[in-house]
Amino acid sequence: MAVQRKKRKRRELFALGNEAVAEGALLAGCSFYAGYPITPSTEIMEVMANRLPLIEDGVFIQMEDEIASMGAAIGASLAGRKAMTATSGPGFALMQEHIGYACMVEAPLVVVNVMRGGPSTGLPTSPAQADVQMARWGTHGDHPIIVLSASNVQECLEMTVTAFNFAEKYRTPVILLLDEVTAHTREKITVPDPDEVEILSRVEPTVPPEWFKPYADTARGVPAMAPIGSGYRTHVTGLTHDVMGYPTQRPDEVKDAMLRLFRKIDQYYGDIQMADEYMMDDAEVAVVAYGSVARSAHLAVEQARERGAKAGLLTLKTLFPFPRPAVEKLTHRCHTVVVPEMNMGQMSREVKRVNNGRTKVRTINRVDGQIITPSEILKAIL
Amino acid sequence: MADVTQLIHDYLRHNKKFPHVFCAGCGHGIVLGSLIRSVHALGLPKDDVVLVAGIGCSGRMAVYVDFNTVHTTHGRALTFATGIKMANPKLKVICVMGDGDAMSIGGNHLIHAARRNIGVTALILNNQIYGMTGGQCSSATPQGDISMTTPFGSLEKAFDIVEMCKAAGASYVARGTSFHAIQLDRLISSAIMHPGFSVVEVFSPCPTQYGRKNKFRNAVDMYKWLKANTVKVETLKEPDQKPADGRIPIGVFRDVEEPGLEERYFELQRKLMGQNR
Amino acid sequence: MKAPQPIDRFEIRLSGLGGQGLITLGRLLGSALALGHGYYVTQTQSYGPEARGGSSRADVVVSSRPISYPKTENLDLLVALSPEACNSYYRLLKRTGILLVDTTLVKHAPTNVYLGLPFTQMAKEQIGNPMTINTMVMGAVTHLLPFADPKVMRKSLEANLPAKIREVNAKAFALGLKQAQRNFGDAGGIWAAAEENGAHSEDDIIV
């Protein structure tokens with residue numbers, strides 16, 4: 001990566017999507033990375049291996065597998081660190097149990113999954129978007145989770161910062177999904193001056209330890225978090241727990257705990273659900289896309305407009321909680337919605353659910369390890 | 001005796017957590033007592049001690065004590081412990097696991113923790129059975145023994161935890177039993193103060209799920225068996241050989257001073273940052 | 001930095017064999033155009049086992065506007081450093097596109113209209129290091145890109161290389177540039193000729 005300095009300590013880099021993720025993580029204050037190499041996500045780990053040892057208290061550790069990587073990241077998060085790990089399909093499958101644990105103990109952390117062709121070992125160096133529903137539902141048990149997506153290299157940086165901010169603000173694991181194309185495309189990015197970026201951190205308790213209830217409900221639904229070693233001596237468990245963090249099976253306590261987990265995300269949908277509109281004001285045909293496919297869709301919409309078709313694009317930056325209002329709005333205005341994705345229809349299912357039969361929904365699905373091209377989308381628009 | 005009891009009460013959490021889950025005759029409470037006495041004798045502040053536990057009967061130990069406690073997932077306690085230790089090396093991180101936890105599902109993490117010599121203490125409570133789930137065989141169940149999943153006798157050999165941890169590179173390896181409580185205090189204390197990765201395997205009888213099915217009439221028999229069938233390793237003429245009479249050697253099997261991973265990492269970091277200045 | 005010229009999606013494919021340093025070339029070229037010149041650039045590459053020893057390629061899209069689709073569809077410039085690459089990708093070249101080959105390795109180009117230099121031979125004989133073939137190609141490509149300033153390209157190249165190999169690669173770059181200037185003529189003229197040729201071409205090169 002070449003570096004050029006400009007005023008205000010902004011840096012311009014010609015970087016891979018994966019490298020931009022690492023830049024974003026460091027910008028967001030990530031000081032702990034635990035991971036295991038896997039194509040096509042490895043560059044994230046490599047940048048972190050180079051950078052974290054040079055940062056005060058920055059910790060990089062290569063673990064024995066992805067299960068261990070998630071375990072170490074959660075441990076570090078509980079000890080007060082902003083922690084992350086990155087992986088790809090097979091590794092993401094191994095992480096699922098610990099993603100559930102992180103949801104349950106409300107450990108803020110970021111998991112990046114660079115999607116490659118599957119199932120199983122599949123196509124290690126080819127793109128796919130087939131882990132979308134796995135990101136939402138991969139771990140067992142009912143749980144809310146935030147899943148974000150990035151479609152270009154600058155967005156890789158920005159969405160990583162957002163992922164850390166959401167993780168800290170809502171005390172939850174946040175999953176950032178990239179696909180191989182986004183991860184392995186080089187583009188010019190601007191790394192902003194740290195002073196220009198809003199960085200959020202978890203709220204720590206202010207009450208004396210003997211008054212502290214580690215899982216007490218608050219107006220925001222997000223309890224204060226005391227790092228291990230700060231004198232609060234809490235109990236953290238994956239068992240369903242009461243407000244003190246101790247295991248409970250009492251239905252009233254279990255219900256309160258579960259409903260709070262959902263509510264802390266639900267009541268902030270407006271903050272969390274992000275989508276970008278392009279040429280949507282008068283659109284009659286809307287493309288709903290995410291990841292690198294949104295870039296193909298962007299060109300297709302431009303080309304459709306040149307030919308006189310009133311096409312528009314909704315790029316989903318938050319995949320879950322599904323940006324229902326943004327999609328609902330367009331199903332009231334457009335006669336057709338086109339959903340291109342590199343899977344057999346994982347997000348189109350969500351779109352159809354929201355659409356509820358109002359408009360035609362055309363799906364474009366590719367599972368051959370190739371990105372959907374602008375011309376394929378253009379054909380579906382026209 | 002009364003003062004020891006009082007001491008232990010000082011370290012227990014009294015809000016809502018009792019009665020505990022351990023059966024009558026279970027060895028785990030003795031290990032917990034030994035752990036508390038060791039921490040107290042070493043003068044470690046409660047705030048600096050982190051007890052990380054896996055899943056199983058031994059895993060429930062974490063909730064009872066007034067340290068920083070983390071009850072993790074099955075087999076993965078060491079991965080959390082590694083993260084905590086690297087994130088805050090000042091903490092004394094103690095990992096409590098069972099035999100199924102540490103050796104079966106978590107075997108990979110155990111050998112890697114030993115290999116990287118992370119400054120964590122692993123207490124492996126070996127009751128030779130999966131107790132919490134109702135008595136199925138584990139990778140530490142002796143060959144030929146009966147369990148719910150080996151109703152005709154286990155065909156597989158049991159792991160020798162001490163040998164495996166030594167081979168994997170742990171710098172402190174010891175074995176005790178919940179019968180030899182005084183010795184156990186000593187083993188746990190030295191393990192906690194050891195700089196790198198330390199392992200203490202503790203034979204801890206499970207009368208309910210293991211003893212009953214394997215010809216032990218009661219819990220007392222199991223403790224008597226431990227007394228009769230163990231031998232202090234320092235009394236052996238050839239400490240590296242397994243005793244021919246089948247007795248289980250107990251004591252310290254390896255104790256070498258090697259800096260833990262966290263020490264080496266932060267040493268490297270200081271060097272790199274010095275160069276950068 | 002001069003204001004970038006208006007370009008609407010100029011697509012370059014750098015193709016050949018694993019070991020020729022094509023992905024590095026893509027990165028160096030992209031970096032020079034993006035950071036040195038201020039263009040929008042996307043650079044992608046083919047990954048996979050074939051990148052070791054087999055065929056290898058890197059794609060660069062250059063534009064003065066933000067680039068939506070990051071991959072190449074219709075090539076303006078195809079650089080082929082092996083006969084296989086030349087044959088497989090030639091059909092992706094626009095009618096008005098330019099083909100640049102390594103004449104040491106590509107003996108029979110699929111068309112009569114192409115540009116060539118014996119890069120492999122030059123790298124071995126004149127630089128004494130076959131590893132410099134990629135920076136030499138960068139020199140020649142710099143000449144072919146009417147929107148690239150050779151000085152900026154060279155500076156960016158040097159900034160991106162470790163000190164140990166900087167000098168030899170700068171030399172290779174200069175040689176590639178000089179030979180292209182001498183053999184191909186003025187870049188404006190080359191593209192005008194390609195335009196002319198494409199407009200009259202009977203060949204249907206449509207994907």
# chains A, B, ... in the order shown; residues from 1 in each chain; ligands from 1
$ interface_residues --of "chain A" --to "chain C" --cutoff "9 Å" --atoms "only C-alpha atoms" --output "ChimeraX atom specification"
/A:1-4,12-16,124-126,152,181-182,184-188,292-300,373-374
$ select_by_dssp --residues "region 84-232 of chain B" --states "alpha helix (DSSP H)" --output "number ranges by chain"
B: 84-87, 99, 107-116, 161-168, 181-193, 219-228
$ write_last_selection --atoms "C-alpha atoms" --output "mmCIF file, in the first residue's frame"
data_model
loop_
_atom_site.group_PDB
_atom_site.id
_atom_site.type_symbol
_atom_site.label_atom_id
_atom_site.label_comp_id
_atom_site.auth_asym_id
_atom_site.auth_seq_id
_atom_site.Cartn_x
_atom_site.Cartn_y
_atom_site.Cartn_z
ATOM 1 C CA ILE B 84 -8.163 -12.478 28.636
ATOM 2 C CA LYS B 85 -4.510 -13.048 29.513
ATOM 3 C CA MET B 86 -3.263 -11.389 26.323
ATOM 4 C CA ALA B 87 -5.687 -8.496 26.800
ATOM 5 C CA ASP B 99 -11.693 -34.311 31.541
ATOM 6 C CA GLY B 107 -8.054 -31.287 23.303
ATOM 7 C CA ASN B 108 -6.859 -29.079 20.469
ATOM 8 C CA HIS B 109 -6.967 -25.950 22.603
ATOM 9 C CA LEU B 110 -5.140 -27.698 25.450
ATOM 10 C CA ILE B 111 -2.174 -28.778 23.346
ATOM 11 C CA HIS B 112 -1.939 -25.360 21.703
ATOM 12 C CA ALA B 113 -2.119 -23.515 25.008
ATOM 13 C CA ALA B 114 0.726 -25.772 26.170
ATOM 14 C CA ARG B 115 2.677 -25.220 22.958
ATOM 15 C CA ARG B 116 2.451 -21.436 23.083
ATOM 16 C CA ILE B 161 -3.154 -35.970 30.658
ATOM 17 C CA VAL B 162 0.234 -35.419 32.267
ATOM 18 C CA GLU B 163 2.133 -37.129 29.454
ATOM 19 C CA MET B 164 0.210 -35.271 26.809
ATOM 20 C CA CYS B 165 0.725 -31.842 28.361
ATOM 21 C CA LYS B 166 4.427 -32.547 28.833
ATOM 22 C CA ALA B 167 4.729 -33.600 25.206
ATOM 23 C CA ALA B 168 2.863 -30.522 24.034
ATOM 24 C CA ALA B 181 -5.759 -32.087 49.706
ATOM 25 C CA ILE B 182 -2.664 -30.692 51.427
ATOM 26 C CA GLN B 183 -0.471 -31.651 48.496
ATOM 27 C CA LEU B 184 -3.073 -30.218 46.142
ATOM 28 C CA ASP B 185 -2.824 -26.800 47.830
ATOM 29 C CA ARG B 186 0.901 -26.855 47.134
ATOM 30 C CA LEU B 187 0.490 -27.940 43.507
ATOM 31 C CA ILE B 188 -2.143 -25.313 42.761
ATOM 32 C CA SER B 189 -0.167 -22.529 44.468
ATOM 33 C CA SER B 190 2.982 -23.283 42.473
ATOM 34 C CA ALA B 191 0.940 -23.593 39.280
ATOM 35 C CA ILE B 192 -0.645 -20.158 39.779
ATOM 36 C CA MET B 193 2.733 -18.541 40.410
ATOM 37 C CA ALA B 219 -17.797 -42.435 47.795
ATOM 38 C CA VAL B 220 -15.552 -43.447 50.670
ATOM 39 C CA ASP B 221 -14.376 -46.453 48.674
ATOM 40 C CA MET B 222 -13.337 -44.155 45.865
ATOM 41 C CA TYR B 223 -11.198 -42.020 48.175
ATOM 42 C CA LYS B 224 -9.696 -45.146 49.698
ATOM 43 C CA TRP B 225 -8.898 -46.328 46.199
ATOM 44 C CA LEU B 226 -7.133 -43.026 45.452
ATOM 45 C CA LYS B 227 -5.088 -43.416 48.617
ATOM 46 C CA ALA B 228 -4.091 -46.975 47.809
#
$ select_by_dssp --residues "region 96-287 of chain A" --states "strand (DSSP E)" --output "number ranges by chain"
A: 109-117, 123-127, 146-149, 173-179, 186-191, 235-237, 275-278, 285-287
$ residues_around --residues "Ala130 (chain A)" --least-positions-apart "5" --cutoff "8 Å" --atoms "only C-alpha atoms" --output "list in words"
Met115, Arg116, Gly117, Gly118, Met342, Asn343, Met344 and Gln346 of chain A
$ write_last_selection --atoms "N, CA and C atoms" --output "PDB file, in the first residue's frame"
ATOM      1  N   MET A 115     -17.211 -13.667   2.008  1.00  0.00           N
ATOM      2  CA  MET A 115     -17.960 -14.817   1.471  1.00  0.00           C
ATOM      3  C   MET A 115     -17.327 -15.354   0.190  1.00  0.00           C
ATOM      4  N   ARG A 116     -17.142 -16.670   0.185  1.00  0.00           N
ATOM      5  CA  ARG A 116     -16.633 -17.386  -0.976  1.00  0.00           C
ATOM      6  C   ARG A 116     -17.637 -18.463  -1.347  1.00  0.00           C
ATOM      7  N   GLY A 117     -17.411 -19.101  -2.493  1.00  0.00           N
ATOM      8  CA  GLY A 117     -18.357 -20.113  -2.942  1.00  0.00           C
ATOM      9  C   GLY A 117     -18.408 -21.293  -1.999  1.00  0.00           C
ATOM     10  N   GLY A 118     -19.594 -21.820  -1.753  1.00  0.00           N
ATOM     11  CA  GLY A 118     -19.782 -22.980  -0.885  1.00  0.00           C
ATOM     12  C   GLY A 118     -20.835 -23.869  -1.499  1.00  0.00           C
ATOM     13  N   MET A 342     -25.545 -13.326  -5.525  1.00  0.00           N
ATOM     14  CA  MET A 342     -24.728 -14.506  -5.818  1.00  0.00           C
ATOM     15  C   MET A 342     -25.084 -15.641  -4.860  1.00  0.00           C
ATOM     16  N   ASN A 343     -26.365 -16.035  -4.904  1.00  0.00           N
ATOM     17  CA  ASN A 343     -26.864 -17.194  -4.163  1.00  0.00           C
ATOM     18  C   ASN A 343     -28.200 -17.537  -4.798  1.00  0.00           C
ATOM     19  N   MET A 344     -28.894 -18.513  -4.268  1.00  0.00           N
ATOM     20  CA  MET A 344     -30.138 -18.932  -4.918  1.00  0.00           C
ATOM     21  C   MET A 344     -31.361 -18.166  -4.402  1.00  0.00           C
ATOM     22  N   GLN A 346     -31.355 -15.603  -1.206  1.00  0.00           N
ATOM     23  CA  GLN A 346     -31.431 -15.474   0.253  1.00  0.00           C
ATOM     24  C   GLN A 346     -32.008 -14.129   0.697  1.00  0.00           C
TER      25      GLN A 346
END
$ interface_residues --of "chain B" --to "chain A" --cutoff "6 Å" --atoms "only C-alpha atoms" --output "MDAnalysis selection string"
chainID B and resid 47:48 67:71 79:80 82:84 87 269 273
$ residues_around --residues "Asp245 (chain B)" --least-positions-apart "5" --cutoff "12 Å" --atoms "only C-alpha atoms" --output "MDAnalysis selection string"
chainID B and resid 228:231 236
$ residues_around --residues "Gly119 (chain B)" --least-positions-apart "5" --cutoff "8 Å" --atoms "only C-alpha atoms" --output "number ranges by chain"
B: 85, 93, 194-198, 260-262
$ atom_distance --atom1 "CA of Gly25 (chain B)" --atom2 "CA of Ile105 (chain B)"
26.1 Å
$ residues_around --residues "region 149-158 of chain B" --least-positions-apart "5" --cutoff "7 Å" --atoms "only C-alpha atoms" --output "ChimeraX atom specification"
/B:136-137,139-144
$ atom_distance --atom1 "CA of Glu204 (chain A)" --atom2 "CA of Met95 (chain A)"
27.1 Å
$ residues_around --residues "Ala107 (chain A)" --least-positions-apart "5" --cutoff "6 Å" --atoms "only C-alpha atoms" --output "list of chain:residue names"
A:Ala102, A:Arg171, A:Thr172
$ write_last_selection --atoms "C-alpha atoms" --output "CSV table (one decimal), in the first residue's frame"
chain,number,residue,atom,x,y,z
A,102,ALA,CA,-21.2,-13.3,22.5
A,171,ARG,CA,-23.1,-4.6,23.3
A,172,THR,CA,-23.5,-7.2,20.6
$ closest_residue --among "A:Ser88, A:Thr240, A:Gln154, A:Asn365" --to "Glu253 (chain A)" --atoms "only C-alpha atoms"
A:Thr240
$ atom_distance --atom1 "CA of Glu125 (chain C)" --atom2 "CA of Ala172 (chain C)"
11.2 Å
